>>> print(open('target13.cif').read())   # mmCIF, C-alpha atoms
data_upload
#
loop_
_atom_site.group_PDB
_atom_site.id
_atom_site.type_symbol
_atom_site.label_atom_id
_atom_site.label_comp_id
_atom_site.auth_asym_id
_atom_site.auth_seq_id
_atom_site.Cartn_x
_atom_site.Cartn_y
_atom_site.Cartn_z
ATOM 1 C CA MET A 1 129.740 141.677 215.392
ATOM 2 C CA PHE A 2 131.482 139.469 212.839
ATOM 3 C CA GLY A 3 135.144 138.924 212.096
ATOM 4 C CA SER A 4 137.929 136.384 212.148
ATOM 5 C CA GLU A 5 141.137 135.697 210.275
ATOM 6 C CA ASN A 6 142.080 132.082 209.691
ATOM 7 C CA ARG A 7 143.143 129.617 206.985
ATOM 8 C CA ALA A 8 142.470 125.888 207.075
ATOM 9 C CA ALA A 9 142.004 122.839 204.822
ATOM 10 C CA GLN A 10 140.056 119.689 205.664
ATOM 11 C CA LEU A 11 139.545 116.167 204.330
ATOM 12 C CA GLY A 12 136.727 114.024 205.612
ATOM 13 C CA TRP A 13 134.107 111.303 205.361
ATOM 14 C CA GLN A 14 130.518 111.522 206.522
ATOM 15 C CA GLN A 15 127.718 108.981 206.470
ATOM 16 C CA GLU A 16 124.071 109.866 207.025
ATOM 17 C CA ARG A 17 120.940 107.747 206.881
ATOM 18 C CA ILE A 18 117.839 109.012 205.078
ATOM 19 C CA SER A 19 114.952 106.547 205.451
ATOM 20 C CA ASP A 20 116.698 103.188 204.856
ATOM 21 C CA MET A 21 119.405 104.645 202.605
ATOM 22 C CA ALA A 22 122.977 105.207 203.776
ATOM 23 C CA VAL A 23 124.711 108.150 202.057
ATOM 24 C CA ASN A 24 128.508 108.461 202.062
ATOM 25 C CA HIS A 25 130.177 111.834 201.526
ATOM 26 C CA TRP A 26 133.912 111.865 200.710
ATOM 27 C CA PHE A 27 134.856 115.534 200.799
ATOM 28 C CA GLY A 28 137.490 118.210 200.914
ATOM 29 C CA ALA A 29 136.848 121.677 202.340
ATOM 30 C CA TRP A 30 138.829 124.834 202.903
ATOM 31 C CA ASP A 31 138.555 128.279 204.448
ATOM 32 C CA TYR A 32 140.620 131.365 203.597
ATOM 33 C CA SER A 33 139.956 134.491 205.589
ATOM 34 C CA SER A 34 141.560 137.929 205.645
ATOM 35 C CA GLU A 35 140.591 141.165 207.355
ATOM 36 C CA ARG A 36 138.126 142.064 204.592
ATOM 37 C CA TYR A 37 136.689 138.829 203.232
ATOM 38 C CA ARG A 38 136.285 135.093 203.703
ATOM 39 C CA LEU A 39 136.355 132.506 200.918
ATOM 40 C CA THR A 40 135.193 128.950 201.654
ATOM 41 C CA GLY A 41 134.757 125.903 199.469
ATOM 42 C CA ARG A 42 133.692 122.281 199.574
ATOM 43 C CA ALA A 43 133.846 119.484 196.995
ATOM 44 C CA ALA A 44 132.468 115.992 197.571
ATOM 45 C CA ARG A 45 131.855 112.640 195.936
ATOM 46 C CA VAL A 46 128.589 111.120 197.123
ATOM 47 C CA ASP A 47 127.438 107.519 196.886
ATOM 48 C CA ALA A 48 124.593 105.657 198.546
ATOM 49 C CA SER A 49 123.224 102.192 199.235
ATOM 50 C CA ASP A 50 120.520 100.841 196.928
ATOM 51 C CA ASP A 51 117.739 100.974 199.534
ATOM 52 C CA THR A 52 115.352 103.026 197.396
ATOM 53 C CA ARG A 53 112.287 102.538 195.205
ATOM 54 C CA PHE A 54 114.085 103.424 191.969
ATOM 55 C CA ARG A 55 114.175 100.918 189.121
ATOM 56 C CA LYS A 56 117.906 101.465 188.757
ATOM 57 C CA ALA A 57 120.403 102.250 191.502
ATOM 58 C CA PRO A 58 121.602 105.883 191.298
ATOM 59 C CA GLU A 59 125.166 106.448 190.152
ATOM 60 C CA PRO A 60 127.620 108.278 192.462
ATOM 61 C CA SER A 61 127.106 112.023 192.470
ATOM 62 C CA ARG A 62 129.471 114.997 192.695
ATOM 63 C CA GLU A 63 128.936 118.259 194.564
ATOM 64 C CA ALA A 64 130.899 121.501 194.834
ATOM 65 C CA MET A 65 130.187 124.873 196.436
ATOM 66 C CA ILE A 66 132.193 128.109 196.774
ATOM 67 C CA GLU A 67 131.058 130.957 199.043
ATOM 68 C CA LEU A 68 132.351 134.519 199.338
ATOM 69 C CA GLN A 69 131.649 136.544 202.453
ATOM 70 C CA ASN A 70 132.670 139.989 203.628
ATOM 71 C CA ASN A 71 134.440 140.085 206.982
ATOM 72 C CA ALA A 72 134.865 142.309 210.038
ATOM 73 C CA THR A 73 131.656 144.316 209.603
ATOM 74 C CA ASP A 74 128.227 144.694 211.168
ATOM 75 C CA TRP A 75 126.695 143.655 207.839
ATOM 76 C CA LEU A 76 127.540 140.117 206.783
ATOM 77 C CA PHE A 77 126.849 139.242 203.124
ATOM 78 C CA THR A 78 127.288 135.742 201.723
ATOM 79 C CA ALA A 79 127.075 134.708 198.065
ATOM 80 C CA GLY A 80 127.583 131.140 196.902
ATOM 81 C CA LEU A 81 127.722 129.245 193.630
ATOM 82 C CA GLY A 82 127.631 125.462 193.420
ATOM 83 C CA HIS A 83 127.238 122.508 191.095
ATOM 84 C CA VAL A 84 125.638 119.088 191.532
ATOM 85 C CA GLY A 85 126.540 116.429 188.985
ATOM 86 C CA GLY A 86 125.284 112.904 188.446
ATOM 87 C CA ARG A 87 121.717 113.355 189.670
ATOM 88 C CA LEU A 88 118.934 111.312 188.102
ATOM 89 C CA ASP A 89 117.388 114.442 186.577
ATOM 90 C CA GLY A 90 120.702 115.832 185.287
ATOM 91 C CA ASP A 91 123.356 118.264 186.506
ATOM 92 C CA GLU A 92 122.320 121.449 188.311
ATOM 93 C CA LEU A 93 123.777 124.792 189.327
ATOM 94 C CA ARG A 94 123.051 126.172 192.785
ATOM 95 C CA THR A 95 123.058 129.759 194.010
ATOM 96 C CA LYS A 96 122.950 131.021 197.570
ATOM 97 C CA PHE A 97 122.520 134.536 198.969
ATOM 98 C CA GLU A 98 122.258 135.747 202.551
ATOM 99 C CA ALA A 99 122.453 139.082 204.356
ATOM 100 C CA ARG A 100 122.829 139.122 208.147
ATOM 101 C CA PHE A 101 122.850 142.372 210.101
ATOM 102 C CA GLN A 102 122.282 143.917 213.517
ATOM 103 C CA PRO A 103 119.736 146.781 213.271
ATOM 104 C CA LEU A 104 119.760 147.378 217.035
ATOM 105 C CA GLY A 105 122.179 146.431 219.777
ATOM 106 C CA ARG A 106 120.353 143.297 220.937
ATOM 107 C CA TRP A 107 118.571 142.363 217.701
ATOM 108 C CA GLN A 108 119.925 140.375 214.768
ATOM 109 C CA MET A 109 118.204 139.725 211.446
ATOM 110 C CA ALA A 110 118.970 137.644 208.354
ATOM 111 C CA MET A 111 117.434 137.252 204.898
ATOM 112 C CA GLY A 112 118.436 134.912 202.119
ATOM 113 C CA GLY A 113 117.892 131.595 200.439
ATOM 114 C CA TYR A 114 118.891 128.895 197.994
ATOM 115 C CA HIS A 115 117.698 129.263 194.424
ATOM 116 C CA SER A 116 118.173 127.700 190.965
ATOM 117 C CA GLY A 117 119.282 124.144 191.807
ATOM 118 C CA GLY A 118 118.355 124.646 195.441
ATOM 119 C CA GLU A 119 119.222 122.105 198.117
ATOM 120 C CA ARG A 120 118.726 118.366 198.329
ATOM 121 C CA SER A 121 115.466 117.409 200.000
ATOM 122 C CA THR A 122 115.713 115.083 203.019
ATOM 123 C CA ASP A 123 112.014 114.136 203.100
ATOM 124 C CA SER A 124 112.795 110.662 201.686
ATOM 125 C CA ALA A 125 115.618 108.700 200.082
ATOM 126 C CA GLU A 126 114.094 109.178 196.614
ATOM 127 C CA ALA A 127 113.605 112.919 197.165
ATOM 128 C CA TRP A 128 117.251 113.251 198.209
ATOM 129 C CA TRP A 129 118.353 111.961 194.779
ATOM 130 C CA LEU A 130 115.642 113.562 192.677
ATOM 131 C CA VAL A 131 114.046 116.669 194.230
ATOM 132 C CA SER A 132 115.558 120.142 194.573
ATOM 133 C CA ARG A 133 114.322 122.415 197.351
ATOM 134 C CA ASP A 134 114.341 126.173 196.766
ATOM 135 C CA ARG A 135 113.845 128.334 199.820
ATOM 136 C CA ALA A 136 113.715 131.971 200.808
ATOM 137 C CA SER A 137 114.083 132.701 204.511
ATOM 138 C CA PHE A 138 113.778 135.467 207.060
ATOM 139 C CA GLU A 139 115.270 135.129 210.534
ATOM 140 C CA GLY A 140 115.180 137.357 213.586
ATOM 141 C CA LEU A 141 116.438 136.908 217.112
ATOM 142 C CA TYR A 142 116.722 138.910 220.294
ATOM 143 C CA GLN A 143 119.711 138.394 222.586
ATOM 144 C CA PRO A 144 119.377 140.187 225.944
ATOM 145 C CA ASP A 145 122.886 139.126 227.044
ATOM 146 C CA SER A 146 125.803 136.989 225.897
ATOM 147 C CA ARG A 147 124.290 133.869 227.478
ATOM 148 C CA THR A 148 120.669 134.016 226.360
ATOM 149 C CA THR A 149 118.854 134.058 223.021
ATOM 150 C CA VAL A 150 115.150 134.829 223.377
ATOM 151 C CA GLY A 151 112.521 135.066 220.651
ATOM 152 C CA GLY A 152 114.530 133.540 217.822
ATOM 153 C CA ALA A 153 112.460 132.594 214.766
ATOM 154 C CA ARG A 154 113.046 131.582 211.144
ATOM 155 C CA LEU A 155 110.345 131.560 208.471
ATOM 156 C CA GLU A 156 111.029 129.876 205.125
ATOM 157 C CA SER A 157 109.069 129.809 201.890
ATOM 158 C CA LEU A 158 109.607 126.458 200.118
ATOM 159 C CA SER A 159 109.160 125.064 196.638
ATOM 160 C CA PHE A 160 110.257 121.689 195.274
ATOM 161 C CA ASP A 161 111.288 120.901 191.700
ATOM 162 C CA VAL A 162 112.265 117.888 189.611
ATOM 163 C CA GLY A 163 114.380 118.490 186.524
ATOM 164 C CA SER A 164 111.904 116.881 184.115
ATOM 165 C CA GLN A 165 108.908 118.381 185.963
ATOM 166 C CA SER A 166 109.254 122.038 186.823
ATOM 167 C CA SER A 167 107.334 121.864 190.091
ATOM 168 C CA VAL A 168 106.037 119.147 192.406
ATOM 169 C CA ALA A 169 105.186 121.413 195.365
ATOM 170 C CA GLU A 170 104.732 125.157 195.715
ATOM 171 C CA GLY A 171 103.596 127.508 198.454
ATOM 172 C CA GLY A 172 105.142 125.513 201.285
ATOM 173 C CA GLN A 173 106.236 127.066 204.583
ATOM 174 C CA ARG A 174 108.594 126.054 207.326
ATOM 175 C CA LEU A 175 108.639 127.810 210.698
ATOM 176 C CA GLU A 176 111.270 127.375 213.389
ATOM 177 C CA VAL A 177 110.982 129.095 216.778
ATOM 178 C CA PHE A 178 113.905 128.605 219.125
ATOM 179 C CA GLY A 179 115.587 129.853 222.270
ATOM 180 C CA SER A 180 118.789 128.966 224.110
ATOM 181 C CA HIS A 181 120.600 129.775 227.320
ATOM 182 C CA LEU A 182 124.214 129.203 228.321
ATOM 183 C CA LEU A 183 124.038 127.729 231.822
ATOM 184 C CA ALA A 184 127.790 127.638 232.412
ATOM 185 C CA ARG A 185 130.914 128.847 230.643
ATOM 186 C CA ARG A 186 134.095 126.838 230.110
ATOM 187 C CA TYR A 187 135.114 124.222 230.973
ATOM 188 C CA PRO A 188 132.935 122.890 229.450
ATOM 189 C CA ASP A 189 130.232 125.180 228.071
ATOM 190 C CA TRP A 190 126.805 123.929 229.116
ATOM 191 C CA SER A 191 123.758 125.147 227.221
ATOM 192 C CA VAL A 192 120.062 124.335 226.969
ATOM 193 C CA ARG A 193 117.907 124.869 223.884
ATOM 194 C CA ALA A 194 114.209 124.611 223.024
ATOM 195 C CA GLU A 195 112.790 124.456 219.501
ATOM 196 C CA TYR A 196 109.465 124.290 217.696
ATOM 197 C CA VAL A 197 109.404 123.204 214.016
ATOM 198 C CA LEU A 198 106.432 123.259 211.643
ATOM 199 C CA GLN A 199 106.502 122.343 207.936
ATOM 200 C CA ASP A 200 103.414 122.562 205.735
ATOM 201 C CA LEU A 201 103.333 121.951 201.984
ATOM 202 C CA ASN A 202 100.083 123.411 200.708
ATOM 203 C CA ARG A 203 99.921 122.183 197.137
ATOM 204 C CA LEU A 204 101.407 118.902 195.929
ATOM 205 C CA GLU A 205 101.310 118.242 192.177
ATOM 206 C CA ARG A 206 100.933 114.790 190.661
ATOM 207 C CA LEU A 207 104.162 113.261 189.415
ATOM 208 C CA GLU A 208 104.368 113.173 185.630
ATOM 209 C CA GLY A 209 104.943 110.000 183.646
ATOM 210 C CA SER A 210 108.596 110.832 182.961
ATOM 211 C CA VAL A 211 109.199 110.952 186.722
ATOM 212 C CA GLN A 212 107.071 107.885 187.515
ATOM 213 C CA SER A 213 109.100 105.849 185.011
ATOM 214 C CA LEU A 214 112.077 106.080 187.362
ATOM 215 C CA PHE A 215 110.313 104.085 190.108
ATOM 216 C CA GLU A 216 109.576 100.391 190.570
ATOM 217 C CA ARG A 217 105.911 101.283 191.101
ATOM 218 C CA PRO A 218 103.912 104.530 190.784
ATOM 219 C CA LEU A 219 104.374 106.857 193.771
ATOM 220 C CA GLN A 220 102.262 109.663 195.132
ATOM 221 C CA THR A 221 103.999 112.988 195.669
ATOM 222 C CA GLY A 222 103.237 112.619 199.377
ATOM 223 C CA GLU A 223 105.461 109.525 199.425
ATOM 224 C CA LEU A 224 108.420 111.662 198.313
ATOM 225 C CA LEU A 225 107.741 114.790 200.348
ATOM 226 C CA THR A 226 106.452 115.256 203.900
ATOM 227 C CA GLU A 227 103.290 117.302 203.560
ATOM 228 C CA HIS A 228 102.941 118.092 207.283
ATOM 229 C CA TYR A 229 105.529 117.856 210.059
ATOM 230 C CA GLU A 230 105.373 119.404 213.526
ATOM 231 C CA ARG A 231 107.791 118.883 216.417
ATOM 232 C CA LEU A 232 108.538 120.390 219.823
ATOM 233 C CA SER A 233 111.891 119.544 221.414
ATOM 234 C CA VAL A 234 114.372 120.482 224.125
ATOM 235 C CA GLY A 235 118.028 119.580 224.414
ATOM 236 C CA MET A 236 121.289 120.132 226.253
ATOM 237 C CA ARG A 237 124.860 120.381 224.996
ATOM 238 C CA TRP A 238 128.131 120.147 226.861
ATOM 239 C CA GLN A 239 130.998 121.418 224.727
ATOM 240 C CA GLU A 240 134.685 122.265 224.878
ATOM 241 C CA HIS A 241 135.834 123.936 221.649
ATOM 242 C CA SER A 242 134.352 122.823 218.300
ATOM 243 C CA PRO A 243 135.422 119.510 216.718
ATOM 244 C CA HIS A 244 135.318 119.572 212.864
ATOM 245 C CA SER A 245 135.386 123.391 212.755
ATOM 246 C CA LEU A 246 137.396 125.201 210.089
ATOM 247 C CA LEU A 247 136.898 128.579 211.749
ATOM 248 C CA GLU A 248 139.941 128.482 214.006
ATOM 249 C CA GLN A 249 143.547 129.674 213.747
ATOM 250 C CA GLN A 250 144.987 126.528 215.274
ATOM 251 C CA ALA A 251 143.912 123.132 216.536
ATOM 252 C CA GLN A 252 141.843 123.287 219.708
ATOM 253 C CA PRO A 253 141.245 119.699 220.835
ATOM 254 C CA GLY A 254 137.875 119.315 222.475
ATOM 255 C CA TRP A 255 134.645 117.359 222.683
ATOM 256 C CA PHE A 256 130.862 117.749 222.770
ATOM 257 C CA LEU A 257 127.837 115.798 223.974
ATOM 258 C CA ASP A 258 124.235 116.402 222.859
ATOM 259 C CA VAL A 259 121.106 115.025 224.561
ATOM 260 C CA ASN A 260 117.686 115.806 223.067
ATOM 261 C CA THR A 261 114.086 114.809 223.573
ATOM 262 C CA GLY A 262 110.781 116.011 222.246
ATOM 263 C CA TYR A 263 107.325 115.264 220.927
ATOM 264 C CA VAL A 264 106.359 114.965 217.257
ATOM 265 C CA LEU A 265 102.863 116.419 217.153
ATOM 266 C CA SER A 266 102.238 115.373 213.540
ATOM 267 C CA THR A 267 102.598 111.662 214.395
ATOM 268 C CA ASP A 268 101.875 111.699 218.163
ATOM 269 C CA THR A 269 105.221 110.113 219.014
ATOM 270 C CA VAL A 270 107.986 110.837 221.491
ATOM 271 C CA GLU A 271 111.421 111.417 219.984
ATOM 272 C CA TYR A 272 114.901 111.359 221.476
ATOM 273 C CA GLY A 273 118.443 111.825 220.284
ATOM 274 C CA LEU A 274 122.034 111.475 221.402
ATOM 275 C CA GLY A 275 125.236 112.692 219.798
ATOM 276 C CA GLY A 276 128.848 113.311 220.638
ATOM 277 C CA GLY A 277 132.300 113.927 219.251
ATOM 278 C CA VAL A 278 135.944 114.361 220.146
ATOM 279 C CA SER A 279 139.006 115.916 218.514
ATOM 280 C CA TRP A 280 142.737 116.001 219.187
ATOM 281 C CA SER A 281 145.972 117.164 217.579
ATOM 282 C CA LEU A 282 148.461 114.690 216.134
ATOM 283 C CA PHE A 283 151.429 116.932 215.361
ATOM 284 C CA GLY A 284 151.734 119.787 217.812
ATOM 285 C CA GLY A 285 148.820 122.143 217.284
ATOM 286 C CA ASP A 286 148.705 122.739 213.511
ATOM 287 C CA ASP A 287 146.425 119.806 212.734
ATOM 288 C CA GLU A 288 143.350 118.155 214.192
ATOM 289 C CA ILE A 289 141.524 114.859 213.746
ATOM 290 C CA ALA A 290 137.883 114.732 214.822
ATOM 291 C CA LEU A 291 135.317 111.942 215.194
ATOM 292 C CA SER A 292 131.600 112.314 215.880
ATOM 293 C CA ALA A 293 128.321 110.405 215.658
ATOM 294 C CA GLY A 294 124.669 111.079 216.353
ATOM 295 C CA TYR A 295 121.324 109.282 216.500
ATOM 296 C CA ALA A 296 117.755 110.607 216.398
ATOM 297 C CA SER A 297 114.669 108.430 216.731
ATOM 298 C CA ASP A 298 112.643 110.650 214.355
ATOM 299 C CA SER A 299 113.339 112.793 211.301
ATOM 300 C CA LEU A 300 111.537 114.612 208.501
ATOM 301 C CA SER A 301 111.306 111.318 206.575
ATOM 302 C CA GLY A 302 109.516 109.689 209.529
ATOM 303 C CA ALA A 303 112.348 107.236 210.144
ATOM 304 C CA SER A 304 115.190 107.297 212.633
ATOM 305 C CA SER A 305 118.448 108.890 211.498
ATOM 306 C CA LEU A 306 122.077 108.066 212.167
ATOM 307 C CA ASP A 307 125.155 109.975 211.106
ATOM 308 C CA ALA A 308 128.908 109.688 211.601
ATOM 309 C CA ARG A 309 131.823 111.892 210.569
ATOM 310 C CA VAL A 310 135.626 111.748 210.490
ATOM 311 C CA THR A 311 137.730 114.780 209.515
ATOM 312 C CA TYR A 312 141.388 115.712 209.374
ATOM 313 C CA THR A 313 142.139 119.454 209.369
ATOM 314 C CA LEU A 314 145.312 121.450 208.796
ATOM 315 C CA PHE A 315 145.512 124.993 210.151
ATOM 316 C CA PHE A 316 147.813 127.602 208.608
ATOM 317 C CA LYS A 317 149.042 130.337 210.901
ATOM 318 C CA THR A 318 148.242 133.973 210.143
ATOM 319 C CA ALA A 319 149.368 137.274 211.575
ATOM 320 C CA GLY A 320 145.867 138.164 212.796
ATOM 321 C CA GLU A 321 143.965 136.899 215.787
ATOM 322 C CA ASN A 322 140.354 135.774 216.131
ATOM 323 C CA ARG A 323 138.372 138.673 217.416
#
>>> encode(input="target13.cif", output="structure tokens")
Amino acid sequence: MFGSENRAAQLGWQQERISDMAVNHWFGAWDYSSERYRLTGRAARVDASDDTRFRKAPEPSREAMIELQNNATDWLFTAGLGHVGGRLDGDELRTKFEARFQPLGRWQMAMGGYHSGGERSTDSAEAWWLVSRDRASFEGLYQPDSRTTVGGARLESLSFDVGSQSSVAEGGQRLEVFGSHLLARRYPDWSVRAEYVLQDLNRLERLEGSVQSLFERPLQTGELLTEHYERLSVGMRWQEHSPHSLLEQQAQPGWFLDVNTGYVLSTDTVEYGLGGGVSWSLFGGDDEIALSAGYASDSLSGASSLDARVTYTLFFKTAGENR
């Protein structure tokens, strides 16, 4: 079910927009895989534009994450340890655990989550700098054949913390129901996907004075976090190989194009999105440069989102072959 043997290193830049804030990631990443295990890592310097409601512009931040995963088995375990430095509420450690397995031939299940420092919240620009999201998730999907995924669902339990205030939201849930079908195989692959997303945060706590002092004016917790979000969407992707991927043994120049549309039930608005990317080798198959960009008219923050990425990847040959 799982298994590959590859080694690669990558340098890159990524920009994403959260509300009106532009976030720049300058990062290095690597992947080392053998027959028994996979070790991956990522380190990044993060800076952002001053389009927030903070009194003082946030200083550049630093992030790092290392993950260890078993390989070539029907049970896939992942454990990760990370660090986030330079946040407004202080440095944080992150932990990640996930178990993915195949109880029956056509069924796949996964359990896991982010804990301790959690993940950055993308509900707003201020939440991205200040709020940590802890989540525990359960996922199940049924795949009747190699082209179709039917009945895929992921349920997450969410809580949100600020360093100086232990909790700003507890008892939240996020549900994703999805399905996909591969209409045509290479060249290119052509797939269609449908998705339903629901996020509900049941109990929002008032922000304490130590947190409010960071803002130009007092904010409600609902201005940092999205209390209710519901979206139904469909999309298509045309793809040849996987630009930006580290999980290859050698460069495989390719491209992709994404077209999406949907309806945001929580705001009664129509959404749409477009994205694409391309990659090619500069020096004969052991390296790859990739460019991509994407736009979506709606996001969890309620604003449109735009992202762009450039990566340069070196692949190191191994004796094994992708299986």
>>> closest_residue(input="target13.cif", among="A:Gln239, A:Ser301, A:Asn70, A:Gln14", to="Gly254 of chain A", atoms="all atoms listed in the file")
A:Gln239
>>> residues_around(input="target13.cif", residues="Trp75 of chain A", least_positions_apart="5", cutoff="8 Å", atoms="only C-alpha atoms", output="ChimeraX atom specification")
/A:99-102
>>> resolve_selection(input="target13.cif", expression="the PyMOL selection byres ((chain A and resi 207-219) around 6)", output="list of chain:residue names")
A:Arg53, A:Phe54, A:Arg55, A:Arg206, A:Gln220
>>> resolve_selection(input="target13.cif", expression="the PyMOL selection byres ((chain A and resi 305) around 6)", output="list in words")
Arg17, Tyr295, Ala296, Ser304 and Leu306 of chain A
>>> resolve_selection(input="target13.cif", expression="the PyMOL selection byres ((chain A and resi 276-292) around 10)", output="MDAnalysis selection string")
chainID A and resid 8:14 237:245 249:259 274:275 293:295 307:317
>>> atom_distance(input="target13.cif", atom1="atom CA of Trp190 of chain A", atom2="atom CA of Met236 of chain A")
7.3 Å
>>> closest_atom_pairs(input="target13.cif", of="segment 190-266 of chain A", to="segment 28-47 of chain A", cutoff="10 Å", atoms="all atoms listed in the file", output="tab-separated table")
residue	atom	partner	partner_atom	distance
A:Leu246	CA	A:Asp31	CA	6.5
A:Leu247	CA	A:Asp31	CA	7.5
A:Glu248	CA	A:Asp31	CA	9.7
>>> atom_distance(input="target13.cif", atom1="atom CA of Ser180 of chain A", atom2="atom CA of Met109 of chain A")
16.6 Å
>>> closest_residue(input="target13.cif", among="A:Asn71, A:Ser266, A:Asn6, A:Ser137", to="Lys96 of chain A", atoms="only C-alpha atoms")
A:Ser137
>>> axis_aligned_box(input="target13.cif", around="segment 137-152 of chain A", padding_each_side="8 Å", output="lines of an AutoDock Vina configuration file")
center_x = 119.2
center_y = 136.4
center_z = 216.0
size_x = 29.3
size_y = 23.5
size_z = 39.0
>>> closest_residue(input="target13.cif", among="A:Trp26, A:Val162, A:Arg185, A:Met21", to="Ser49 of chain A", atoms="only C-alpha atoms")
A:Met21
>>> residues_around(input="target13.cif", residues="Asp298 of chain A", least_positions_apart="6", cutoff="12 Å", atoms="all atoms listed in the file", output="list in words")
Arg17, Ile18, Ser19, Asp123, Tyr229, Glu230, Arg231, Leu232, Ser233, Asn260, Thr261, Gly262, Tyr263, Val264, Leu265, Ser266, Thr267, Asp268, Thr269, Val270, Glu271, Tyr272, Gly273, Leu274, Ser304, Ser305 and Leu306 of chain A
